[in-house]
Structure formats: C-alpha cells, structure tokens
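Asks: Just one file: protein_18.cif, with mmCIF, C-alpha atoms and all ligand atoms.
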data_structure
#
loop_
_atom_site.label_atom_id
_atom_site.label_comp_id
_atom_site.auth_asym_id
_atom_site.auth_seq_id
_atom_site.Cartn_x
_atom_site.Cartn_y
_atom_site.Cartn_z
CA MET A 305 21.72 28.83 -1.42
CA LEU A 306 18.50 26.94 -2.06
CA THR A 307 17.92 24.46 0.77
CA PRO A 308 16.98 20.88 -0.22
CA GLU A 309 13.68 21.32 1.64
CA ARG A 310 12.79 24.41 -0.39
CA ALA A 311 13.93 22.72 -3.63
CA ILE A 312 11.57 19.81 -2.96
CA ASP A 313 8.73 22.21 -2.04
CA ARG A 314 9.17 24.01 -5.36
CA LEU A 315 9.56 20.87 -7.47
CA ARG A 316 6.50 19.24 -5.90
CA ALA A 317 4.50 22.40 -6.48
CA ALA A 318 5.62 22.53 -10.14
CA PHE A 319 4.19 19.11 -10.91
CA GLY A 320 1.38 18.85 -8.37
CA GLY A 321 1.98 15.10 -8.21
CA PRO A 322 0.19 13.03 -5.56
CA PRO A 323 1.82 12.29 -2.20
CA GLY A 324 3.71 9.04 -1.78
CA TYR A 325 5.69 9.21 -5.03
CA ARG A 326 9.12 10.45 -6.07
CA THR A 327 9.27 14.24 -6.49
CA LEU A 328 10.89 13.70 -9.90
CA HIS A 329 10.95 10.49 -11.97
CA ALA A 330 7.67 9.56 -10.29
CA LYS A 331 6.55 7.14 -13.01
CA GLY A 332 8.81 4.12 -13.25
CA ARG A 333 9.22 0.37 -12.78
CA PHE A 334 11.86 -1.90 -11.29
CA TYR A 335 13.84 -4.56 -13.15
CA THR A 336 16.52 -7.09 -12.33
CA GLY A 337 19.54 -8.34 -14.25
CA THR A 338 23.32 -8.57 -14.20
CA PHE A 339 26.35 -6.42 -14.88
CA THR A 340 29.61 -7.89 -16.14
CA ALA A 341 32.70 -5.69 -16.54
CA THR A 342 35.13 -5.96 -19.44
CA PRO A 343 38.84 -6.70 -18.84
CA GLN A 344 39.62 -3.04 -19.74
CA ALA A 345 37.36 -1.87 -16.89
CA THR A 346 38.88 -4.39 -14.46
CA ALA A 347 42.33 -3.00 -15.29
CA LEU A 348 41.21 0.58 -14.58
CA GLY A 349 39.03 0.02 -11.51
CA ARG A 350 39.43 -2.02 -8.31
CA ALA A 351 35.78 -1.63 -7.17
CA GLY A 352 34.15 -4.99 -6.38
CA HIS A 353 31.63 -4.99 -9.24
CA LEU A 354 34.39 -4.42 -11.82
CA ASP A 355 36.05 -7.82 -11.30
CA GLY A 356 34.66 -9.33 -14.53
CA GLU A 357 32.19 -11.67 -12.77
CA PRO A 358 28.43 -11.17 -13.27
CA HIS A 359 26.89 -9.10 -10.45
CA GLU A 360 23.22 -8.53 -9.73
CA VAL A 361 21.78 -5.13 -10.66
CA THR A 362 18.50 -3.42 -9.80
CA VAL A 363 17.35 -1.10 -12.61
CA ARG A 364 14.55 1.47 -12.61
CA TRP A 365 13.44 3.07 -15.89
CA SER A 366 11.39 6.21 -15.43
CA ASN A 367 9.89 9.40 -16.85
CA ALA A 368 11.56 12.51 -15.42
CA GLY A 369 8.42 14.38 -14.41
CA GLY A 370 6.66 14.34 -11.07
CA GLU A 371 3.40 12.86 -12.39
CA PRO A 372 3.18 9.08 -11.75
CA ARG A 373 -0.04 8.35 -13.65
CA ALA A 374 0.28 9.88 -17.14
CA ASP A 375 2.70 9.59 -20.06
CA GLY A 376 1.17 12.06 -22.45
CA LYS A 377 3.85 14.58 -23.30
CA PRO A 378 7.51 14.65 -24.35
CA ASP A 379 9.81 14.18 -21.36
CA ILE A 380 13.36 13.31 -20.41
CA ARG A 381 13.66 9.65 -19.32
CA GLY A 382 15.78 8.06 -16.61
CA MET A 383 17.68 4.85 -16.05
CA ALA A 384 18.87 4.22 -12.50
CA VAL A 385 21.16 1.26 -11.81
CA LYS A 386 22.13 -0.23 -8.45
CA PHE A 387 25.16 -2.53 -8.68
CA HIS A 388 25.11 -5.13 -5.88
CA LEU A 389 28.58 -6.16 -4.65
CA PRO A 390 29.39 -9.55 -3.11
CA ASP A 391 29.97 -7.99 0.34
CA GLY A 392 26.35 -6.73 0.45
CA SER A 393 27.19 -3.12 -0.37
CA ALA A 394 25.98 -1.31 -3.48
CA THR A 395 26.85 1.61 -5.73
CA ASP A 396 24.40 3.60 -7.86
CA LEU A 397 24.43 5.29 -11.27
CA LEU A 398 21.58 7.57 -12.35
CA GLY A 399 21.36 8.46 -16.02
CA GLN A 400 19.10 10.74 -18.04
CA THR A 401 18.54 11.04 -21.78
CA SER A 402 20.04 14.53 -21.90
CA PRO A 403 23.72 14.30 -22.93
CA ARG A 404 24.67 17.56 -21.21
CA PHE A 405 23.64 19.32 -18.00
CA PRO A 406 22.52 22.97 -18.19
CA THR A 407 23.98 24.48 -15.02
CA ASP A 408 26.28 24.11 -12.02
CA ASP A 409 23.72 25.84 -9.78
CA PRO A 410 20.91 23.69 -8.28
CA GLU A 411 18.61 26.71 -8.02
CA VAL A 412 18.82 27.29 -11.80
CA LEU A 413 17.91 23.63 -12.38
CA VAL A 414 14.86 23.99 -10.14
CA ALA A 415 13.82 27.22 -11.91
CA MET A 416 14.28 25.53 -15.29
CA THR A 417 12.09 22.61 -14.23
CA GLU A 418 9.40 25.05 -13.07
CA ALA A 419 9.60 26.92 -16.39
CA SER A 420 9.37 23.69 -18.41
CA GLU A 421 6.10 22.89 -16.69
CA LYS A 422 4.69 26.30 -17.69
CA PRO A 423 5.96 26.57 -21.28
CA HIS A 424 4.86 30.21 -21.65
CA THR A 425 7.46 31.11 -18.99
CA LEU A 426 10.30 29.21 -20.71
CA PRO A 427 11.38 32.07 -23.05
CA LEU A 428 11.72 34.39 -20.04
CA PHE A 429 13.76 31.75 -18.19
CA LEU A 430 16.09 31.32 -21.20
CA ALA A 431 16.47 35.09 -21.55
CA ARG A 432 17.49 35.30 -17.89
CA HIS A 433 19.79 32.26 -18.10
CA PRO A 434 21.35 32.36 -21.59
CA GLY A 435 24.10 29.97 -20.43
CA THR A 436 21.56 27.13 -20.44
CA ILE A 437 20.60 27.59 -24.12
CA PRO A 438 23.38 25.44 -25.69
CA THR A 439 22.36 22.52 -23.47
CA VAL A 440 18.68 22.91 -24.32
CA VAL A 441 19.58 22.94 -28.03
CA ALA A 442 21.91 19.91 -27.61
CA SER A 443 19.17 18.02 -25.75
CA PHE A 444 16.60 18.66 -28.48
CA ARG A 445 19.13 17.68 -31.18
CA ALA A 446 19.89 14.42 -29.33
CA GLY A 447 16.16 13.68 -29.04
CA ALA A 448 16.57 13.67 -25.25
CA ILE A 449 13.21 15.33 -24.60
CA GLY A 450 10.82 13.16 -26.49
CA SER A 451 8.40 10.28 -26.60
CA PRO A 452 10.51 7.16 -27.20
CA THR A 453 8.82 3.93 -28.21
CA SER A 454 11.02 1.88 -25.87
CA PHE A 455 13.42 2.32 -22.96
CA ALA A 456 15.52 -0.33 -24.74
CA ASP A 457 16.24 2.08 -27.64
CA VAL A 458 17.37 4.98 -25.49
CA THR A 459 20.89 5.98 -24.43
CA PHE A 460 21.30 7.50 -20.95
CA TYR A 461 23.97 9.86 -19.58
CA PRO A 462 24.88 9.88 -15.85
CA ILE A 463 26.61 13.27 -16.42
CA HIS A 464 28.94 13.55 -13.39
CA ALA A 465 32.58 12.46 -13.31
CA TYR A 466 33.77 9.87 -10.78
CA GLY A 467 37.34 8.97 -9.81
CA TRP A 468 38.24 5.34 -10.51
CA LEU A 469 41.13 3.91 -8.49
CA ASP A 470 43.02 0.95 -9.91
CA ALA A 471 44.75 -1.82 -7.91
CA GLU A 472 47.83 0.41 -7.42
CA GLY A 473 45.74 3.35 -6.21
CA ARG A 474 46.15 5.40 -9.41
CA ARG A 475 43.10 7.62 -10.04
CA ARG A 476 41.46 8.39 -13.38
CA TRP A 477 38.40 10.61 -13.81
CA VAL A 478 35.64 8.97 -15.83
CA ARG A 479 32.16 9.78 -17.09
CA TYR A 480 29.65 7.14 -18.14
CA VAL A 481 27.29 6.52 -21.02
CA LEU A 482 24.60 3.79 -20.82
CA ARG A 483 24.34 2.98 -24.52
CA ALA A 484 21.30 1.17 -25.92
CA THR A 485 22.09 -1.86 -28.06
CA ALA A 486 18.59 -2.89 -29.25
CA THR A 487 18.01 -3.01 -33.00
CA ASP A 488 14.82 -2.78 -35.08
CA ALA A 489 14.76 -6.58 -35.22
CA ASP A 490 14.31 -6.69 -31.43
CA ARG A 491 11.07 -4.66 -31.56
CA PRO A 492 7.89 -6.46 -30.47
CA ALA A 493 5.37 -6.71 -33.31
CA GLU A 494 2.53 -5.17 -31.27
CA THR A 495 1.98 -1.42 -30.83
CA PHE A 496 1.52 -0.01 -27.36
CA SER A 497 -0.48 2.98 -26.19
CA GLY A 498 -1.80 4.52 -22.99
CA PRO A 499 0.02 5.72 -19.89
CA ASP A 500 1.89 2.41 -19.39
CA ARG A 501 2.93 1.95 -23.01
CA LEU A 502 6.66 1.94 -22.27
CA THR A 503 6.47 -0.63 -19.50
CA ASP A 504 4.00 -2.78 -21.48
CA GLU A 505 6.47 -2.66 -24.39
CA MET A 506 9.31 -3.67 -22.08
CA ALA A 507 7.28 -6.58 -20.71
CA ALA A 508 6.73 -7.85 -24.28
CA ARG A 509 10.46 -7.57 -25.04
CA LEU A 510 11.51 -9.32 -21.86
CA GLU A 511 9.21 -12.25 -22.65
CA ARG A 512 11.37 -12.82 -25.72
CA GLY A 513 14.78 -12.24 -24.14
CA PRO A 514 17.02 -9.88 -22.16
CA VAL A 515 17.55 -6.17 -22.87
CA THR A 516 21.14 -4.91 -22.85
CA HIS A 517 22.70 -1.50 -22.28
CA GLU A 518 26.46 -1.18 -22.66
CA LEU A 519 28.31 0.83 -20.03
CA TRP A 520 30.84 3.04 -21.83
CA LEU A 521 33.52 5.09 -20.09
CA GLN A 522 34.93 8.41 -21.15
CA VAL A 523 38.34 8.67 -19.48
CA ALA A 524 39.32 12.32 -18.94
CA GLY A 525 42.35 13.80 -20.64
CA PRO A 526 44.80 15.93 -18.58
CA ASP A 527 42.96 19.21 -19.33
CA ASP A 528 39.40 17.91 -18.80
CA ASP A 529 37.56 19.29 -15.74
CA PRO A 530 35.84 16.59 -13.62
CA HIS A 531 34.39 18.98 -11.04
CA HIS A 532 31.62 20.62 -13.06
CA ALA A 533 28.69 18.84 -14.69
CA THR A 534 28.68 21.49 -17.42
CA SER A 535 32.28 20.99 -18.54
CA VAL A 536 32.79 19.58 -22.04
CA TRP A 537 35.67 17.10 -22.26
CA ARG A 538 37.93 17.49 -25.28
CA GLY A 539 40.73 15.00 -24.54
CA ALA A 540 38.68 12.01 -23.37
CA ARG A 541 39.09 8.50 -24.75
CA GLU A 542 36.23 6.00 -24.75
CA LEU A 543 36.15 2.35 -23.84
CA LEU A 544 33.52 -0.31 -23.25
CA ALA A 545 33.39 -0.98 -19.48
CA GLY A 546 30.71 -3.67 -19.33
CA ARG A 547 27.19 -4.77 -20.10
CA ILE A 548 23.97 -4.36 -18.09
CA VAL A 549 21.67 -7.20 -19.09
CA VAL A 550 18.10 -6.82 -17.82
CA THR A 551 16.25 -10.12 -17.60
CA GLY A 552 12.92 -9.35 -15.91
CA GLU A 553 10.63 -6.92 -14.12
CA PHE A 554 9.83 -7.27 -10.46
CA PRO A 555 6.93 -5.76 -8.49
CA ASP A 556 7.50 -2.36 -6.96
CA PRO A 557 9.23 -3.23 -3.66
CA GLU A 558 7.92 -0.01 -2.19
CA GLY A 559 4.32 -1.09 -2.45
CA GLY A 560 2.96 2.47 -2.61
CA PRO A 561 2.63 5.35 -0.16
CA GLY A 562 3.63 4.81 3.46
CA THR A 563 5.98 1.95 2.65
CA SER A 564 8.73 1.04 5.06
CA THR A 565 11.10 -0.33 2.40
CA PRO A 566 11.96 2.51 0.01
CA VAL A 567 14.48 1.85 -2.75
CA VAL A 568 16.78 4.84 -3.01
CA PHE A 569 19.14 5.50 -5.90
CA ASP A 570 21.73 8.03 -4.79
CA PRO A 571 24.42 9.36 -7.16
CA ALA A 572 26.79 9.80 -4.21
CA ARG A 573 26.55 6.14 -3.12
CA VAL A 574 30.01 4.84 -4.02
CA VAL A 575 32.17 1.92 -2.86
CA ASP A 576 35.89 1.43 -2.30
CA GLY A 577 37.64 2.17 -5.60
CA ILE A 578 35.27 4.96 -6.69
CA GLU A 579 35.55 8.59 -5.55
CA LEU A 580 33.23 11.59 -5.82
CA SER A 581 34.29 14.77 -7.59
CA ASP A 582 33.64 18.23 -6.10
CA ASP A 583 30.88 18.85 -8.65
CA PRO A 584 28.39 21.18 -6.86
CA ILE A 585 25.38 19.50 -8.51
CA LEU A 586 26.57 16.03 -7.46
CA ARG A 587 27.23 17.24 -3.91
CA TYR A 588 23.78 18.87 -3.71
CA ARG A 589 21.77 15.89 -4.89
CA PRO A 590 21.94 13.55 -1.84
CA GLY A 591 20.28 16.16 0.41
CA ALA A 592 17.49 16.74 -2.12
CA TYR A 593 16.96 13.01 -2.64
CA SER A 594 16.83 12.35 1.13
CA GLU A 595 14.21 15.05 1.50
CA SER A 596 12.18 13.54 -1.34
CA VAL A 597 12.49 10.05 0.18
CA ALA A 598 11.41 11.35 3.61
CA ARG A 599 8.28 12.87 2.09
CA ARG A 600 7.32 9.96 -0.13
CA THR A 601 7.65 7.47 2.70
CA THR A 602 5.75 9.41 5.33
CA SER A 603 2.83 10.79 3.30
C1 LIG B 1 20.30 19.70 -8.78
C2 LIG B 1 20.08 18.66 -9.60
C3 LIG B 1 19.05 17.59 -9.35
C4 LIG B 1 18.01 17.56 -8.46
C5 LIG B 1 17.57 18.65 -7.46
C6 LIG B 1 17.35 16.28 -8.61
C7 LIG B 1 16.27 15.85 -7.89
C8 LIG B 1 15.73 14.57 -7.90
C9 LIG B 1 14.75 14.06 -6.98
C10 LIG B 1 14.14 14.86 -5.83
C11 LIG B 1 14.50 12.77 -7.30
C12 LIG B 1 13.56 11.80 -6.57
C13 LIG B 1 14.36 11.03 -5.50
C14 LIG B 1 13.56 10.01 -4.72
O1 LIG B 1 12.45 10.33 -4.23
O2 LIG B 1 14.06 8.86 -4.56
C15 LIG B 1 15.31 12.46 -8.45
C16 LIG B 1 15.33 11.25 -9.10
C17 LIG B 1 16.14 10.97 -10.17
N1 LIG B 1 17.10 11.78 -10.73
FE1 LIG B 1 17.56 13.65 -10.16
N2 LIG B 1 18.00 15.57 -9.59
C18 LIG B 1 19.03 16.33 -10.08
C19 LIG B 1 19.93 15.99 -11.05
C20 LIG B 1 19.92 14.80 -11.73
C21 LIG B 1 20.89 14.41 -12.72
C22 LIG B 1 22.12 15.25 -13.13
C23 LIG B 1 20.53 13.17 -13.17
C24 LIG B 1 21.18 12.28 -14.20
C25 LIG B 1 22.01 12.70 -15.11
C26 LIG B 1 19.35 12.77 -12.43
C27 LIG B 1 18.68 11.57 -12.60
C28 LIG B 1 17.68 11.12 -11.78
C29 LIG B 1 17.05 9.82 -11.93
C30 LIG B 1 17.36 8.75 -12.99
C31 LIG B 1 16.10 9.71 -10.91
C32 LIG B 1 15.18 8.52 -10.62
C33 LIG B 1 15.82 7.58 -9.61
C34 LIG B 1 14.90 6.40 -9.31
O3 LIG B 1 14.46 5.75 -10.27
O4 LIG B 1 14.64 6.15 -8.11
N3 LIG B 1 19.00 13.77 -11.57
N4 LIG B 1 16.05 13.57 -8.80
#
Just give me the structure of the file as structure tokens.
Replies:
Amino acid sequence: MLTPERAIDRLRAAFGGPPGYRTLHAKGRFYTGTFTATPQATALGRAGHLDGEPHEVTVRWSNAGGEPRADGKPDIRGMAVKFHLPDGSATDLLGQTSPRFPTDDPEVLVAMTEASEKPHTLPLFLARHPGTIPTVVASFRAGAIGSPTSFADVTFYPIHAYGWLDAEGRRRWVRYVLRATATDADRPAETFSGPDRLTDEMAARLERGPVTHELWLQVAGPDDDPHHATSVWRGARELLAGRIVVTGEFPDPEGGPGTSTPVVFDPARVVDGIELSDDPILRYRPGAYSESVARRTTS
C-alpha cells in the first residue's frame, strides 16, 4: 500500500510546484457566503447546517494541478466548501469537475496524475489500467478537463457517498452534486486573460451580485453501492438539498508559506448526523491531506 508520505513525494515531484503551497489544487482563492437547506434536506438530515437557516460557508475554487502560478492548460477544477455550524464545528465537501472517479486504489490515482503530467506516458498508463478508460472518456465528454471561462458556470462532483441520519436515526446513503446556476446573462461584459483570469472574472461577477451553486442530492436505491467511489448508481433519486450563495472573496487567510493558520478542507470532516462510508479512497484521503498540510506549513 502506498503510504501518504510517498504519495505526496510522488505528486509533488510530478508537478514540481514551489514549497509552501498545496500539493494538488495549489492555485485557488477563498470566498465567503451562506448555505441554506431546503425543507426536503431538513427532513432527511439532522446535521446542524441542514436546519433550513442560513449558515456561513467558506468556499475555495481551485485548479487541480500542483502549480500555483500558471493557468495555461486544460485542467480539472475544484470547489471546496466548509459549512460552519452554530456550535463552532464544521463539515467539509470537496468537489471536482469530473463526474466519475477512475479507481478505488489510491496508487492508481497517483500514477494517473503522474502520467497526465507527461502526456506521452498516458497511453501506456491507460493500456496498463484499462479500467480507468470509461472514466477518462466520461470526463472528456462532460468537459471536466478543460479551460472554463468562469467557476460560476461549472458543476462540481464530490464523488463519495455519505450516510445521512434523520431525526429518528434512519440512515440514507447520498452523493452530492454542486450544480452551477449562472446563465449567459450573468456574464461580465469584459474578457479576462492571464494566469488569474478565473479569479478576476469572479471578482467582476461578485461586484454585481452573488454567485449560486445548488447542492443536489442523489439518494441511493437499495442496490446502489455507497462504499466505492467508482460505483455507478442506477436506482438513485435526486432532490435539491440547498443553495450555496457566494457573496465575496476574502484574502488568503494562510498568508503564504510558513503560515500558522492553514485552512484545511478534509472530506472526512463530518458532524453529528453525517457518517463516512468505507470507500477506500475516502478513507485514504485524510492521511494524504495531513501530509500535504504538514509540508506546506513548514516549508
Ligand atoms: C486518492 C485520492 C486523492 C488524493 C491522494 C488527493 C490528494 C489531495 C491533496 C494532497 C490535496 C492538497 C491538500 C492540502 O494541502 O490542503 C488535495 C486537495 C483537493 N482535493 Fe484531493 N485527492 C484525492 C481525491 C480527491 C477527490 C475524489 C476529490 C473530489 C471529488 C478531490 C478534491 C480535492 C479538492 C477540491 C482539493 C482542494 C481543497 C482546497 O481548496 O483546500 N480530491 N487533494
């Protein structure tokens, strides 16, 4: 099994990014806003942020790669959301533009990331791991690996299933979709270029008004498998669980390398009313993220 330390060594080597930044999703900015759950979500989930009142969120939109300075090539994008509960606790959701995940083995994900950074090695990777091909095709079809003109136009997929407990303690397995709601009419008139084009574009939008992503739930059917990121759900029903309304950007609270106040989004950070599945990718991630955080805060 690939240790988190070795995974971070390999991922950092693949990108050659500078010290002091995230190993992946190195280029990103922080935003603030609110989340308000729908009555349907309140009925299904007893977690504190699902009570139908507006709760503060911290959002970070990012590029998936390990290079914090450039934005020159097609990439997956990320949207991380921290829901702040009234008791001071928080729960996190991390979404990417790819609607499906290629593997249940962290080592294959690391090898795939390495191969994507050296495109001439990608065919060999795919030949060795044919099981990942349908996901690669689905990602290209969904436009997940691209150069969007705005984070506001992009839909993000947090991939893993979580168990939602209702007030009576009944559990339902759910997956999330962070669906963009912006229309062409919301587009700023200016065009944006350069490495910060996406965050400049967002700044122009936010001057005119908030940016909303809807939080949709897929509720698993009886035969749907919640314990593997790769499983395709056939019996799921969908419902609108709430809205994330981003109102403004705020300066990077980390302040650069050596900071003592890192902001960590962790897919395993849950609160009462939400349970983790046994998904091996989900269970692996906290160790890798801790290792990345340790390195970016000490270098
Ligand atoms: C084995 C699988 C994975 C590994 C090894 C991995 C690794 C990492 C690492 C090392 C970071 C930087 C953490 C930090 O320094 O704070 C990161 C960030 C991130 N990852 Fe993953 N990741 C994996 C799977 C996923 C999946 C499945 C998703 C979403 C569907 C995802 C979404 C994100 C996002 C959005 C961020 C940026 C968080 C932020 O803005 O702080 N990752 N990942």
Asks: Write out as a list in words which residues come within 6 Å of region 498-513 of chain A when counting only C-alpha atoms, dropping same-chain ones fewer than 6 positions away.
Replies: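 Skipping anything fewer than 6 positions along the chain leaves Ala374, Asp375 and Ser454 of chain A.
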Asks: Take the residues from that selection and write them out as a short mmCIF file (atom, residue, chain, number, x, y, z; two decimals), in the frame of the given file, keeping C-alpha atoms.
Replies:
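The resulting file, result15.cif, is shown below:
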data_model
loop_
_atom_site.label_atom_id
_atom_site.label_comp_id
_atom_site.auth_asym_id
_atom_site.auth_seq_id
_atom_site.Cartn_x
_atom_site.Cartn_y
_atom_site.Cartn_z
CA ALA A 374 0.28 9.88 -17.14
CA ASP A 375 2.70 9.59 -20.06
CA SER A 454 11.02 1.88 -25.87
#
Asks: Counting all atoms listed in the file, which of A:Arg589, A:Arg491, A:Arg573, A:His329 gets nearest to Leu397 (chain A)?
Replies: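 Nearest to Leu397 (chain A): A:Arg573.
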Asks: Taking all atoms listed in the file and a cut-off of 6 Å, can you tell me which residues surround ligand LIG 1 (chain B), written as a PDB file with C-alpha atoms, keeping the file's coordinate frame?
Replies:
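Everything below was put into result-v7.pdb:
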ATOM      1  CA  ARG A 326       9.120  10.450  -6.070  1.00  0.00           C
ATOM      2  CA  THR A 327       9.270  14.240  -6.490  1.00  0.00           C
ATOM      3  CA  LEU A 328      10.890  13.700  -9.900  1.00  0.00           C
ATOM      4  CA  HIS A 329      10.950  10.490 -11.970  1.00  0.00           C
ATOM      5  CA  ARG A 364      14.550   1.470 -12.610  1.00  0.00           C
ATOM      6  CA  GLY A 382      15.780   8.060 -16.610  1.00  0.00           C
ATOM      7  CA  MET A 383      17.680   4.850 -16.050  1.00  0.00           C
ATOM      8  CA  ALA A 384      18.870   4.220 -12.500  1.00  0.00           C
ATOM      9  CA  LEU A 398      21.580   7.570 -12.350  1.00  0.00           C
ATOM     10  CA  GLY A 399      21.360   8.460 -16.020  1.00  0.00           C
ATOM     11  CA  GLN A 400      19.100  10.740 -18.040  1.00  0.00           C
ATOM     12  CA  PRO A 410      20.910  23.690  -8.280  1.00  0.00           C
ATOM     13  CA  LEU A 413      17.910  23.630 -12.380  1.00  0.00           C
ATOM     14  CA  TYR A 461      23.970   9.860 -19.580  1.00  0.00           C
ATOM     15  CA  PRO A 462      24.880   9.880 -15.850  1.00  0.00           C
ATOM     16  CA  ILE A 463      26.610  13.270 -16.420  1.00  0.00           C
ATOM     17  CA  VAL A 568      16.780   4.840  -3.010  1.00  0.00           C
ATOM     18  CA  PHE A 569      19.140   5.500  -5.900  1.00  0.00           C
ATOM     19  CA  ILE A 585      25.380  19.500  -8.510  1.00  0.00           C
ATOM     20  CA  ARG A 589      21.770  15.890  -4.890  1.00  0.00           C
ATOM     21  CA  ALA A 592      17.490  16.740  -2.120  1.00  0.00           C
ATOM     22  CA  TYR A 593      16.960  13.010  -2.640  1.00  0.00           C
ATOM     23  CA  SER A 596      12.180  13.540  -1.340  1.00  0.00           C
ATOM     24  CA  VAL A 597      12.490  10.050   0.180  1.00  0.00           C
TER      25      VAL A 597
END
Asks: Suppose you want the space between CA of His353 (chain A) and CA of Phe554 (chain A); what is it in Å?
Replies: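 We find that CA of His353 (chain A) and CA of Phe554 (chain A) lie 22.0 Å from each other.
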Asks: Between A:Leu544, A:Phe496, A:Ala431, A:Ala456, single out the one closest to Thr342 (chain A), counting only C-alpha atoms.
Replies: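 Closest to Thr342 (chain A) of all the choices is A:Leu544.
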Asks: List the neighbours of Gly332 (chain A) out to 8 Å using only C-alpha atoms; skip same-chain residues closer than 2 positions along the sequence, and give me the result as a ChimeraX atom specification.
Replies: /A:329-330,334,364-367,372
Asks: So which residues are close to (17.8, -5.6, -11.2), meaning at most 6 Å away in the file's coordinates with only C-alpha atoms counted, and can you show them as a PyMOL selection string?
Replies: chain A and resi 335-337+361-363
Asks: What is the distance between CA of Val523 (chain A) and CA of Ala540 (chain A), in Å to one decimal?
Replies: 5.1 Å
Asks: Just want the 6 Å neighbourhood of Gly577 (chain A), counted on all atoms listed in the file, with same-chain residues fewer than 5 positions away dropped. Output as an MDAnalysis selection string.
Replies: chainID A and resid 350:351 468:469
Asks: What is the distance between CA of Ala471 (chain A) and CA of Gly352 (chain A), in Å to one decimal?
Replies: 11.2 Å
Asks: Counting all atoms listed in the file, figure out which residue out of A:Pro566, A:Pro514, A:Pro406, A:Gly356 gets nearest to Thr436 (chain A).
Replies: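 Once distances to Thr436 (chain A) are computed over all atoms listed in the file, the minimum belongs to A:Pro406.
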Asks: Which residue, A:Ala489, A:Ala419, A:Ala345, A:Ala311, has the smallest gap to Glu542 (chain A) when you use only C-alpha atoms?
Replies: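 Comparing A:Ala489, A:Ala419, A:Ala345, A:Ala311 against Glu542 (chain A), the winner is A:Ala345.
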Asks: Pick out the closest residue to Arg316 (chain A) from this set: A:Ser402, A:Thr346, A:Thr417, A:Ser451. Count all atoms listed in the file.
Replies: A:Thr417
Asks: So, with only C-alpha atoms as the atoms that count, which of A:Leu315, A:Ile578, A:Leu430, A:Ile380 lies closest to Asp470 (chain A)?
Replies: A:Ile578
Asks: Can you pull out the residues contacting Gly392 (chain A)? Cut-off 12 Å, using only C-alpha atoms, and skip same-chain residues under 3 positions away; I want them as a list in words.
Replies: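 Those residues are Gly352, His353, His359, Glu360, Lys386, Phe387, His388, Leu389, Thr395 and Val575 of chain A.
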Asks: Using only C-alpha atoms, which protein or nucleic acid residues come within 6 Å of Leu482 (chain A)? Drop anything in the same chain fewer than 6 positions from it, and give the result as JSON, numbers by chain.
Replies: {"A": [459, 460, 517, 518, 519]}
Asks: At most 9 Å from (38.8, 15.8, -18.7), file frame, all atoms listed in the file: which residues, as an MDAnalysis selection string?
Replies: chainID A and resid 465 477:478 522:530 535:540
